[in-house]
$ cat start.csv   # CSV, C-alpha atoms
chain,number,residue,atom,x,y,z
A,123,MET,CA,-8.2,-13.8,41.3
A,124,PHE,CA,-6.9,-12.3,38.1
A,125,THR,CA,-3.8,-14.4,38.3
A,126,PHE,CA,-6.0,-17.5,38.5
A,127,VAL,CA,-7.8,-16.4,35.3
A,128,ILE,CA,-4.5,-15.8,33.5
A,129,ASP,CA,-3.1,-19.2,34.7
A,130,MET,CA,-6.3,-21.0,33.5
A,131,THR,CA,-6.3,-19.1,30.2
A,132,THR,CA,-2.6,-20.1,29.7
A,133,ASP,CA,-3.6,-23.7,30.4
A,134,VAL,CA,-6.4,-23.6,27.9
A,135,ILE,CA,-4.0,-22.3,25.2
A,136,LYS,CA,-1.5,-25.0,26.0
A,137,HIS,CA,-4.1,-27.7,25.8
A,138,ARG,CA,-5.3,-26.4,22.5
A,139,GLU,CA,-1.8,-26.2,21.1
A,140,ALA,CA,-1.1,-29.7,22.2
A,141,GLY,CA,-4.4,-31.0,20.9
A,142,LEU,CA,-5.4,-32.1,24.4
A,143,ASN,CA,-8.5,-30.1,24.8
A,144,LYS,CA,-10.7,-33.1,25.7
A,145,SER,CA,-12.7,-33.9,28.7
A,146,PRO,CA,-11.5,-36.7,31.0
A,147,ALA,CA,-12.6,-40.3,30.7
A,148,ASN,CA,-14.6,-40.9,27.6
A,149,GLY,CA,-13.5,-38.0,25.4
A,150,PRO,CA,-15.2,-34.7,25.0
A,151,ALA,CA,-18.5,-34.4,27.0
A,152,GLU,CA,-21.4,-32.5,25.6
A,153,LYS,CA,-21.5,-28.9,26.9
A,154,PRO,CA,-23.3,-29.2,30.3
A,155,GLU,CA,-25.9,-26.7,31.5
A,156,ARG,CA,-24.5,-23.7,33.4
A,157,ILE,CA,-23.4,-24.7,36.9
A,158,SER,CA,-24.1,-22.6,40.0
A,159,GLU,CA,-21.5,-21.2,42.3
A,160,ALA,CA,-22.2,-24.0,44.9
A,161,GLU,CA,-21.9,-26.7,42.2
A,162,HIS,CA,-18.7,-25.1,41.1
A,163,ALA,CA,-17.3,-25.5,44.6
A,164,VAL,CA,-18.0,-29.3,44.3
A,165,MET,CA,-16.5,-29.4,40.9
A,166,GLU,CA,-13.3,-27.8,42.2
A,167,VAL,CA,-12.9,-30.7,44.6
A,168,LEU,CA,-13.5,-33.3,41.9
A,169,TRP,CA,-11.1,-31.6,39.5
A,170,ASP,CA,-8.4,-31.5,42.2
A,171,ARG,CA,-9.0,-35.1,43.3
A,172,GLY,CA,-10.1,-36.7,40.1
A,173,THR,CA,-12.6,-38.9,41.9
A,174,ALA,CA,-14.3,-38.6,45.2
A,175,THR,CA,-17.2,-39.9,47.3
A,176,ALA,CA,-19.9,-37.6,48.7
A,177,ALA,CA,-18.2,-37.8,52.1
A,178,GLU,CA,-14.8,-36.9,50.6
A,179,VAL,CA,-16.3,-33.9,48.9
A,180,CYS,CA,-18.0,-32.9,52.2
A,181,GLU,CA,-14.6,-33.1,54.0
A,182,GLN,CA,-13.3,-30.5,51.7
A,183,VAL,CA,-16.2,-28.0,51.6
A,184,CYS,CA,-18.8,-28.6,54.3
A,185,THR,CA,-17.1,-26.8,57.2
A,186,GLN,CA,-16.1,-23.7,55.2
A,187,ARG,CA,-19.5,-23.4,53.6
A,188,ASP,CA,-21.6,-24.6,56.6
A,189,TRP,CA,-23.1,-27.4,54.4
A,190,SER,CA,-24.3,-30.8,55.4
A,191,LEU,CA,-23.6,-34.1,53.7
A,192,ALA,CA,-27.1,-34.0,52.4
A,193,THR,CA,-26.4,-30.7,50.7
A,194,VAL,CA,-23.3,-32.1,49.0
A,195,LYS,CA,-25.3,-35.1,47.8
A,196,THR,CA,-28.0,-32.8,46.3
A,197,LEU,CA,-25.3,-30.8,44.5
A,198,LEU,CA,-23.7,-34.0,43.2
A,199,SER,CA,-27.1,-35.2,42.0
A,200,ARG,CA,-27.7,-31.9,40.1
A,201,LEU,CA,-24.2,-32.2,38.5
A,202,VAL,CA,-25.0,-35.7,37.4
A,203,GLN,CA,-28.3,-34.5,35.8
A,204,LYS,CA,-26.4,-31.7,34.1
A,205,GLN,CA,-23.9,-34.2,32.7
A,206,ALA,CA,-21.0,-32.4,34.3
A,207,ILE,CA,-20.0,-35.5,36.4
A,208,GLU,CA,-20.5,-39.2,36.3
A,209,THR,CA,-21.1,-41.6,39.0
A,210,ARG,CA,-20.4,-45.3,39.6
A,211,PRO,CA,-21.4,-47.5,42.4
A,212,ASP,CA,-18.7,-48.8,44.9
A,213,GLY,CA,-20.5,-51.0,47.4
A,214,ARG,CA,-22.9,-48.9,49.3
A,215,ARG,CA,-21.5,-45.6,48.2
A,216,TYR,CA,-20.9,-43.8,44.9
A,217,ILE,CA,-17.7,-42.5,43.3
A,218,TYR,CA,-18.0,-39.3,41.4
A,219,SER,CA,-15.7,-38.0,38.7
A,220,PRO,CA,-15.8,-35.0,36.3
A,221,LEU,CA,-17.0,-35.3,32.7
A,222,ILE,CA,-15.8,-31.9,31.8
A,223,ALA,CA,-12.2,-30.7,32.1
A,224,ARG,CA,-11.5,-27.6,34.3
A,225,ALA,CA,-9.8,-25.9,31.3
A,226,ASP,CA,-12.9,-26.5,29.1
A,227,TYR,CA,-15.2,-25.1,31.8
A,228,VAL,CA,-13.0,-22.0,32.5
A,229,GLY,CA,-12.7,-21.4,28.7
A,230,GLY,CA,-16.5,-21.5,28.2
A,231,GLU,CA,-17.2,-19.3,31.2
A,232,SER,CA,-14.5,-16.8,30.2
A,233,ARG,CA,-16.0,-16.6,26.7
A,234,ARG,CA,-19.5,-16.1,28.1
A,235,LEU,CA,-18.3,-13.3,30.4
A,236,VAL,CA,-16.4,-11.5,27.6
A,237,ASP,CA,-19.4,-12.0,25.2
A,238,ARG,CA,-22.0,-10.8,27.7
A,239,LEU,CA,-20.2,-7.9,29.3
A,240,PHE,CA,-17.7,-6.8,26.7
A,241,GLY,CA,-19.2,-7.4,23.4
A,242,GLY,CA,-17.0,-10.4,22.7
A,243,LYS,CA,-13.8,-8.4,22.9
A,244,ALA,CA,-11.3,-9.6,25.4
A,245,ALA,CA,-9.3,-6.4,24.9
A,246,SER,CA,-12.3,-4.5,26.4
A,247,LEU,CA,-12.1,-6.7,29.5
A,248,VAL,CA,-8.4,-5.9,30.0
A,249,ALA,CA,-9.0,-2.2,29.3
A,250,HIS,CA,-11.8,-2.2,31.9
A,251,LEU,CA,-9.6,-3.9,34.5
A,252,ALA,CA,-6.8,-1.4,33.8
A,253,GLU,CA,-9.2,1.6,34.0
A,254,THR,CA,-10.6,0.5,37.4
A,255,GLU,CA,-7.1,-0.1,38.7
A,256,ALA,CA,-7.9,-3.8,39.2
A,257,LEU,CA,-4.6,-4.8,37.7
A,258,THR,CA,-1.5,-5.0,39.9
A,259,PRO,CA,2.0,-4.5,38.4
A,260,ASP,CA,2.4,-8.3,38.6
A,261,ASP,CA,-0.8,-8.8,36.6
A,262,VAL,CA,0.4,-6.4,33.9
A,263,SER,CA,3.7,-8.3,33.7
A,264,GLU,CA,1.8,-11.6,33.4
A,265,ILE,CA,-0.4,-10.2,30.7
A,266,GLU,CA,2.6,-9.0,28.8
A,267,ALA,CA,4.3,-12.4,29.1
A,268,LEU,CA,1.1,-14.1,27.9
A,269,LEU,CA,0.8,-11.8,24.9
A,270,LYS,CA,4.5,-12.3,24.0
A,271,GLU,CA,3.9,-16.1,24.2
A,272,LEU,CA,0.8,-15.8,22.0
A,273,LYS,CA,2.7,-13.9,19.3
A,274,GLN,CA,5.3,-16.6,18.9

$ encode --input "start.csv" --output "structure tokens"
Amino acid sequence: MFTFVIDMTTDVIKHREAGLNKSPANGPAEKPERISEAEHAVMEVLWDRGTATAAEVCEQVCTQRDWSLATVKTLLSRLVQKQAIETRPDGRRYIYSPLIARADYVGGESRRLVDRLFGGKAASLVAHLAETEALTPDDVSEIEALLKELKQ
């Protein structure tokens, strides 16, 4: 889990440095409403695939989460209302695609977490993880490498 956060943080930094911190398709989307854990599972499929139908999303998540196609369609509808994804008709079905980039979402959620729980100080988050022994030696090495990269 922590490695995933480090990887996503590194991606956000690289996107910002390259000036590519834009959402897909039509440029930066307005900041969507917060999305639920279930909606996030659907977003992960769309981020991985780029576009998908409701049935394709269901193929990826329904079995592991014990959801039906109707549940996936409800979650997709909520994400459309929240302007996190867009939809376009394709015959009798709809194609869904993300309006917010994964890096933008992770960056925003990370910032909210640090602001809410650690007074806006990322160092406090890292200190907490270190104090609770939540960091493996590999995590520490990755953090050191990231800090070294940030200093350059």

$ atom_distance --input "start.csv" --atom1 "CA of Leu235 in chain A" --atom2 "CA of Leu247 in chain A"
9.1 Å

$ atom_distance --input "start.csv" --atom1 "CA of Arg200 in chain A" --atom2 "CA of Gln186 in chain A"
20.7 Å

$ atom_distance --input "start.csv" --atom1 "CA of Leu197 in chain A" --atom2 "CA of Val164 in chain A"
7.5 Å

$ closest_residue --input "start.csv" --among "A:Gln203, A:Lys243, A:Ala160, A:Met165" --to "Asp188 in chain A" --atoms "all atoms listed in the file"
A:Ala160

$ residues_around --input "start.csv" --residues "range 217-219 of chain A" --least-positions-apart "3" --cutoff "9 Å" --atoms "only C-alpha atoms" --output "PyMOL selection string"
chain A and resi 146-147+165+168-169+171-176+198+202+206-212

$ closest_residue --input "start.csv" --among "A:Gly241, A:Gln182, A:Leu201, A:Arg234" --to "Ile222 in chain A" --atoms "all atoms listed in the file"
A:Leu201

$ closest_residue --input "start.csv" --among "A:Arg224, A:His250, A:Lys204, A:Lys273" --to "Val167 in chain A" --atoms "only C-alpha atoms"
A:Arg224

$ closest_residue --input "start.csv" --among "A:Cys180, A:Arg215, A:Glu231, A:Leu221" --to "Arg156 in chain A" --atoms "all atoms listed in the file"
A:Glu231

$ closest_residue --input "start.csv" --among "A:Asp170, A:Glu159, A:Trp189, A:Ala245" --to "Ala223 in chain A" --atoms "only C-alpha atoms"
A:Asp170
